[in-house]
Every structure is written in C-alpha cells, then in structure tokens.
>>> print(open('model_39.tsv').read())   # TSV, C-alpha atoms and all ligand atoms
chain	number	residue	atom	x	y	z
Y	1	MET	CA	0.00	0.00	0.00
Y	2	LYS	CA	1.25	3.48	-0.87
Y	3	GLU	CA	1.44	6.17	1.78
Y	4	ILE	CA	0.19	9.70	1.22
Y	5	VAL	CA	-0.26	12.56	3.66
Y	6	PHE	CA	-3.53	14.47	3.84
Y	7	ALA	CA	-2.53	17.92	5.12
Y	8	THR	CA	-5.48	18.64	7.37
Y	9	ASN	CA	-6.09	19.26	11.06
Y	10	ASN	CA	-9.75	18.39	10.65
Y	11	GLU	CA	-10.38	14.84	11.95
Y	12	ASN	CA	-13.80	14.65	10.22
Y	13	LYS	CA	-12.26	15.40	6.85
Y	14	LEU	CA	-9.44	12.90	7.47
Y	15	GLN	CA	-11.94	10.18	8.30
Y	16	GLU	CA	-14.02	10.92	5.19
Y	17	ILE	CA	-10.97	10.84	2.92
Y	18	ARG	CA	-9.72	7.60	4.53
Y	19	ASN	CA	-13.05	5.96	3.72
Y	20	ILE	CA	-13.11	7.29	0.17
Y	21	LEU	CA	-9.43	6.44	-0.54
Y	22	SER	CA	-9.30	3.13	1.35
Y	23	ASP	CA	-8.46	1.15	-1.78
Y	24	GLY	CA	-4.67	1.01	-2.19
Y	25	PHE	CA	-3.61	3.98	-0.08
Y	26	ILE	CA	-2.68	4.54	3.55
Y	27	VAL	CA	-3.67	8.11	4.33
Y	28	LEU	CA	-1.62	9.74	7.07
Y	29	GLY	CA	-2.83	12.85	8.90
Y	30	LEU	CA	-0.64	15.71	10.06
Y	31	SER	CA	-0.44	14.34	13.60
Y	32	ASP	CA	0.88	11.03	12.17
Y	33	ILE	CA	3.90	12.88	10.77
Y	34	GLY	CA	4.37	15.02	13.89
Y	35	PHE	CA	3.17	18.31	12.39
Y	36	ASN	CA	1.04	20.09	14.96
Y	37	THR	CA	1.21	23.71	13.84
Y	38	ASP	CA	-1.79	25.53	12.42
Y	39	ILE	CA	-1.22	26.57	8.79
Y	40	PRO	CA	-2.71	30.06	8.28
Y	41	GLU	CA	-5.14	30.08	5.34
Y	42	THR	CA	-4.29	33.50	3.98
Y	43	GLY	CA	-5.46	32.96	0.38
Y	44	THR	CA	-8.50	34.56	-1.18
Y	45	THR	CA	-9.58	31.48	-3.15
Y	46	LEU	CA	-10.10	27.82	-2.30
Y	47	GLN	CA	-7.31	26.94	-4.73
Y	48	GLN	CA	-4.83	29.28	-3.02
Y	49	ASN	CA	-5.65	27.96	0.43
Y	50	ALA	CA	-5.44	24.33	-0.65
Y	51	SER	CA	-2.08	25.10	-2.23
Y	52	ILE	CA	-0.76	26.87	0.88
Y	53	LYS	CA	-1.50	23.80	3.02
Y	54	SER	CA	0.05	21.18	0.72
Y	55	THR	CA	3.04	23.38	-0.18
Y	56	THR	CA	3.87	23.87	3.50
Y	57	ILE	CA	3.98	20.14	4.11
Y	58	TYR	CA	5.75	19.29	0.87
Y	59	LYS	CA	8.49	21.87	1.55
Y	60	GLN	CA	9.07	20.71	5.11
Y	61	TYR	CA	8.91	16.92	4.61
Y	62	ASN	CA	9.50	16.42	0.89
Y	63	ILE	CA	6.72	13.80	0.77
Y	64	ASN	CA	3.76	13.22	-1.48
Y	65	CYS	CA	0.79	14.98	0.06
Y	66	PHE	CA	-2.49	16.67	-0.67
Y	67	SER	CA	-4.85	19.07	1.03
Y	68	ASP	CA	-8.34	20.27	0.39
Y	69	ASP	CA	-10.06	23.55	0.95
Y	70	THR	CA	-13.81	23.61	1.04
Y	71	GLY	CA	-16.30	26.43	1.08
Y	72	LEU	CA	-20.05	26.78	1.22
Y	73	GLU	CA	-21.25	29.26	-1.38
Y	74	VAL	CA	-24.70	30.73	-0.78
Y	75	GLU	CA	-26.19	32.53	-3.77
Y	76	ALA	CA	-28.29	35.06	-1.83
Y	77	LEU	CA	-25.19	36.03	0.18
Y	78	GLY	CA	-23.05	36.75	-2.86
Y	79	ASN	CA	-21.45	33.29	-2.59
Y	80	LYS	CA	-20.41	33.80	1.04
Y	81	PRO	CA	-19.13	32.35	3.33
Y	82	GLY	CA	-16.89	30.70	0.68
Y	83	VAL	CA	-13.25	30.71	1.76
Y	84	PHE	CA	-14.38	32.07	5.13
Y	85	SER	CA	-16.63	29.08	5.90
Y	86	ALA	CA	-14.58	27.93	8.90
Y	87	ARG	CA	-14.61	31.39	10.52
Y	88	TYR	CA	-17.93	32.77	9.29
Y	89	ALA	CA	-19.09	33.75	12.78
Y	90	GLY	CA	-15.58	34.91	13.78
Y	91	ILE	CA	-12.12	33.47	14.39
Y	92	ASN	CA	-12.29	30.18	16.33
Y	93	SER	CA	-16.05	29.97	15.85
Y	94	THR	CA	-17.68	26.58	16.34
Y	95	TYR	CA	-19.70	24.69	13.73
Y	96	ASP	CA	-22.84	25.57	15.70
Y	97	GLU	CA	-22.05	29.29	15.75
Y	98	ASN	CA	-21.38	29.30	11.99
Y	99	VAL	CA	-24.66	27.51	11.26
Y	100	ASP	CA	-26.54	29.90	13.59
Y	101	LYS	CA	-25.08	32.88	11.74
Y	102	LEU	CA	-25.98	31.39	8.36
Y	103	LEU	CA	-29.59	30.72	9.42
Y	104	GLN	CA	-29.79	34.24	10.84
Y	105	GLU	CA	-28.46	35.84	7.63
Y	106	LEU	CA	-30.98	33.84	5.59
Y	107	LYS	CA	-33.95	34.62	7.82
Y	108	GLY	CA	-36.85	35.59	5.55
Y	109	VAL	CA	-34.73	35.02	2.43
Y	110	GLU	CA	-36.52	32.93	-0.17
Y	111	ASN	CA	-33.54	32.08	-2.38
Y	112	ARG	CA	-31.82	29.25	-0.46
Y	113	VAL	CA	-29.61	28.07	-3.36
Y	114	ALA	CA	-26.12	27.01	-2.27
Y	115	ALA	CA	-23.22	24.78	-3.24
Y	116	PHE	CA	-20.31	23.11	-1.53
Y	117	SER	CA	-17.09	23.44	-3.45
Y	118	THR	CA	-13.84	21.59	-2.80
Y	119	VAL	CA	-10.43	22.11	-4.35
Y	120	ILE	CA	-7.69	19.55	-3.75
Y	121	SER	CA	-4.04	20.44	-4.23
Y	122	LEU	CA	-1.77	17.43	-4.69
Y	123	PHE	CA	2.01	17.44	-4.55
Y	124	LEU	CA	3.27	14.36	-6.31
Y	125	ASN	CA	7.00	13.94	-6.90
Y	126	GLY	CA	7.47	17.68	-6.66
Y	127	LYS	CA	4.72	18.73	-9.07
Y	128	GLU	CA	1.41	20.31	-8.11
Y	129	TYR	CA	-1.98	19.22	-9.49
Y	130	PHE	CA	-5.51	20.45	-8.72
Y	131	PHE	CA	-8.85	18.60	-8.59
Y	132	GLU	CA	-12.29	20.11	-8.01
Y	133	GLY	CA	-15.64	18.85	-6.79
Y	134	ARG	CA	-18.94	20.68	-6.42
Y	135	ILE	CA	-22.44	19.80	-5.28
Y	136	SER	CA	-25.48	22.04	-5.54
Y	137	GLY	CA	-28.28	22.18	-3.04
Y	138	THR	CA	-30.33	24.44	-0.78
Y	139	ILE	CA	-30.05	25.69	2.78
Y	140	THR	CA	-32.85	24.45	5.03
Y	141	HIS	CA	-34.69	26.71	7.50
Y	142	LYS	CA	-33.50	24.73	10.53
Y	143	ARG	CA	-31.09	21.92	11.39
Y	144	HIS	CA	-31.95	18.34	10.43
Y	145	GLY	CA	-29.83	15.34	11.43
Y	146	GLU	CA	-26.93	14.63	13.72
Y	147	ARG	CA	-24.33	13.11	11.43
Y	148	GLY	CA	-21.48	14.75	9.53
Y	149	PHE	CA	-19.98	18.07	10.58
Y	150	GLY	CA	-19.86	21.76	9.72
Y	151	TYR	CA	-22.85	22.95	7.70
Y	152	ASP	CA	-24.12	19.40	7.03
Y	153	PRO	CA	-27.31	19.78	9.15
Y	154	VAL	CA	-28.59	22.63	6.96
Y	155	PHE	CA	-27.41	21.49	3.51
Y	156	LEU	CA	-29.97	19.67	1.38
Y	157	PRO	CA	-28.25	18.33	-1.74
Y	158	ASP	CA	-30.28	18.59	-4.97
Y	159	GLY	CA	-32.17	15.38	-5.73
Y	160	TYR	CA	-32.40	14.25	-2.08
Y	161	ASN	CA	-34.97	15.01	0.58
Y	162	VAL	CA	-32.55	14.67	3.50
Y	163	THR	CA	-29.63	16.85	4.58
Y	164	PHE	CA	-26.02	15.65	4.58
Y	165	ALA	CA	-26.37	15.27	8.36
Y	166	GLN	CA	-29.32	12.87	7.96
Y	167	MET	CA	-27.51	10.64	5.46
Y	168	LEU	CA	-25.44	7.60	6.27
Y	169	PRO	CA	-21.76	8.54	5.85
Y	170	GLU	CA	-21.54	5.98	3.03
Y	171	LEU	CA	-24.00	8.05	0.96
Y	172	LYS	CA	-22.46	11.45	1.74
Y	173	ASN	CA	-19.05	10.02	0.89
Y	174	LYS	CA	-20.37	8.90	-2.47
Y	175	ILE	CA	-22.00	12.15	-3.63
Y	176	SER	CA	-20.31	15.01	-1.77
Y	177	HIS	CA	-18.08	17.80	-3.10
Y	178	ARG	CA	-15.12	16.12	-1.36
Y	179	ALA	CA	-16.04	12.72	-2.82
Y	180	LEU	CA	-16.22	14.15	-6.35
Y	181	ALA	CA	-12.85	15.91	-6.04
Y	182	THR	CA	-11.32	12.84	-4.39
Y	183	LYS	CA	-12.58	10.55	-7.15
Y	184	LYS	CA	-10.62	12.65	-9.64
Y	185	LEU	CA	-7.59	12.49	-7.33
Y	186	VAL	CA	-7.85	8.70	-7.01
Y	187	PHE	CA	-8.21	8.22	-10.75
Y	188	PHE	CA	-5.11	10.36	-11.26
Y	189	LEU	CA	-3.09	8.57	-8.55
Y	190	GLN	CA	-4.04	5.13	-9.83
Y	191	ASN	CA	-2.83	6.04	-13.27
Y	192	GLU	CA	0.27	8.03	-12.26
Y	193	VAL	CA	1.77	6.25	-9.26
W	1	LIG	P1	-8.19	22.08	7.35
W	1	LIG	O1	-7.97	23.46	6.77
W	1	LIG	O2	-7.26	21.76	8.48
W	1	LIG	O3	-8.18	21.01	6.32
W	1	LIG	P2	-10.86	23.13	8.02
W	1	LIG	O4	-11.85	22.70	9.04
W	1	LIG	O5	-10.33	24.54	8.09
W	1	LIG	O6	-9.67	22.04	8.00
W	1	LIG	P3	-11.86	23.77	5.34
W	1	LIG	O7	-11.13	25.07	5.39
W	1	LIG	O8	-11.69	22.92	4.12
W	1	LIG	O9	-11.52	22.84	6.61
W	1	LIG	O10	-13.42	23.95	5.50
W	1	LIG	C1	-13.96	25.16	5.96
W	1	LIG	C2	-15.21	24.90	6.71
W	1	LIG	O11	-16.22	24.48	5.78
W	1	LIG	C3	-15.17	23.81	7.77
W	1	LIG	O12	-14.70	24.30	8.99
W	1	LIG	C4	-16.64	23.40	7.86
W	1	LIG	O13	-17.36	24.31	8.65
W	1	LIG	C5	-17.08	23.57	6.42
W	1	LIG	N1	-17.02	22.28	5.71
W	1	LIG	C6	-15.99	21.74	5.02
W	1	LIG	N2	-16.32	20.55	4.51
W	1	LIG	C7	-17.60	20.31	4.89
W	1	LIG	C8	-18.52	19.25	4.71
W	1	LIG	O14	-18.19	18.16	4.02
W	1	LIG	N3	-19.73	19.36	5.24
W	1	LIG	C9	-20.09	20.45	5.94
W	1	LIG	N4	-19.28	21.49	6.19
W	1	LIG	C10	-18.06	21.42	5.67
>>> encode(input="model_39.tsv", output="structure tokens")
Amino acid sequence: MKEIVFATNNENKLQEIRNILSDGFIVLGLSDIGFNTDIPETGTTLQQNASIKSTTIYKQYNINCFSDDTGLEVEALGNKPGVFSARYAGINSTYDENVDKLLQELKGVENRVAAFSTVISLFLNGKEYFFEGRISGTITHKRHGERGFGYDPVFLPDGYNVTFAQMLPELKNKISHRALATKKLVFFLQNEV
C-alpha cells in the first residue's frame, strides 16, 4: 500500500478521505507525521488555500501529500461564506455558531440556493496538481440530522430530501463535493503512481 499525507487538522475530513481512498492507499494525517502547527489560510480562493497547506507540508517533509479547501457558497449572500466558511461567525467559531449565523443571515430570504465546493491540491513527486468537486443544493430553515460536521445539518443536496447530516456517511461520501474531487484524485493517482 502506498502512503500519502492528507494535510489537514480536521479529523472529520481525514476520516471521510480515509473511507473514500481506502483502496490502495494509507492516508496519514498531520499528527501522524508530527506536524502540529496551524497553517494560516491567507489565500483569497479555495485553490490558493489548498495550495498553501500542501506546499507547507511538501516543503518541510519532501513527501507526497495533498490538502483540500472547502467552502459553502450561498447565492443570496453573494457566494459567502466561501473561503471564510470555517470562521464565518468569527475566528475560532464553532460549527454551531457558523450555522446559527448562516440561518440568521438567511432569515426571511426565499432564495436558499447554495453549493459546496472543494479544491484539492496534490504534490506528487514535486509537481502540483488540482482537482475540483462541487455539489449544488439548498439551505434548510433549521437543522436536520446529527451526522457529519460543519454545515451538514442545513445542507440539502439537490435530488435528495434529506440533509447531509441525515444521510449515512456511506452516501455522503459517495455524492459530496469532497467525494467528487477525491474521485478525480484517485483516478489520477491510480494512473500516475
Ligand atoms: P483544514 O484546513 O485543516 O483542512 P478546516 O476545518 O479549516 O480544516 P476547510 O477550510 O476545508 O476545513 O473547510 C472550511 C469549513 O467548511 C469547515 O470548517 C466546515 O465548517 C465547512 N465544511 C468543510 N467541509 C464540509 C462538509 O463536508 N460538510 C459540511 N461542512 C463542511
């Protein structure tokens, strides 16, 4: 099995990627390689932030690695929170606080159209590659479901009548933004490595 580092401090994301990439790859997290520093996401796009994370790890350890940056884009809010999804309600805000703020901002707003977007940056043998995944949906009026993380309780993917947080992880991991981007990554790795 080949080893690859997923440059994330988010345990939920690491678990999701491990499930999606379980065939043929051992996915190490940052704690597995002894990297415990927070990498500041100073970019203005998902692509820049994904690149900042994987570049930091590649430069320090010279190993194959990838990172993802994900944002929730809400049409009625001019595609916010986008790159600011993790700190929508302020620096160090919790998932609950971010969801509360989103529901507050959308109070009385009819247009609930939104999309999750993920960009993966991969460093493989010193070269950088990007992969994208996107899923459209709507923001519900209140939370539904206990599974998942982040904005999952209020995101209703198009074509389903349950939120990401109501789905079994197996289903979310098949259809999500991260799953779509990761499928492209896997296809690439299986053909390149
Ligand atoms: P790393 O940068 O360490 O990877 P992070 O938590 O900062 O972890 P992102 O910048 O990619 O992750 O994601 C920003 C926020 O978007 C995240 O904190 C969640 O609130 C939300 N998010 C990301 N992926 C999600 C998903 O699959 N479902 C629901 N919310 C998600």
>>> residues_near_point(input="model_39.tsv", point="(-32.5, 11.0, 4.8)", cutoff="12 Å", atoms="only C-alpha atoms", output="MDAnalysis selection string")
chainID Y and resid 144:147 153 155:157 159:169 171:172
>>> residues_near_ligand(input="model_39.tsv", ligand="ligand LIG 1 (chain W)", cutoff="8 Å", atoms="only C-alpha atoms and all ligand atoms", output="number ranges by chain")
Y: 7-10, 13, 38-39, 41, 49-50, 53, 67-72, 83-87, 95, 98, 116, 118, 148-153, 155, 164, 176-178
>>> closest_residue(input="model_39.tsv", among="Y:Leu103, Y:Ser121, Y:Thr94, Y:Leu189", to="Thr56 (chain Y)", atoms="only C-alpha atoms")
Y:Ser121
>>> residues_around(input="model_39.tsv", residues="Asn62 (chain Y)", least_positions_apart="4", cutoff="8 Å", atoms="only C-alpha atoms", output="list in words")
Ile57, Tyr58 and Gly126 of chain Y
>>> closest_residue(input="model_39.tsv", among="Y:Lys174, Y:Lys107, Y:Lys59, Y:Arg112", to="Glu75 (chain Y)", atoms="only C-alpha atoms")
Y:Arg112
>>> residues_near_point(input="model_39.tsv", point="(-21.0, 22.2, -6.5)", cutoff="8 Å", atoms="all atoms listed in the file", output="list of chain:residue names")
Y:Ala115, Y:Phe116, Y:Ser117, Y:Gly133, Y:Arg134, Y:Ile135, Y:Ser136, Y:His177
>>> residues_around(input="model_39.tsv", residues="region 27-34 of chain Y", least_positions_apart="3", cutoff="6 Å", atoms="all atoms listed in the file", output="ChimeraX atom specification")
/Y:4-7
>>> atom_distance(input="model_39.tsv", atom1="CA of Ala89 (chain Y)", atom2="CA of Thr37 (chain Y)")
22.7 Å
>>> closest_residue(input="model_39.tsv", among="Y:Phe35, Y:Asn92, Y:Glu192, Y:Leu21", to="Gln60 (chain Y)", atoms="all atoms listed in the file")
Y:Phe35
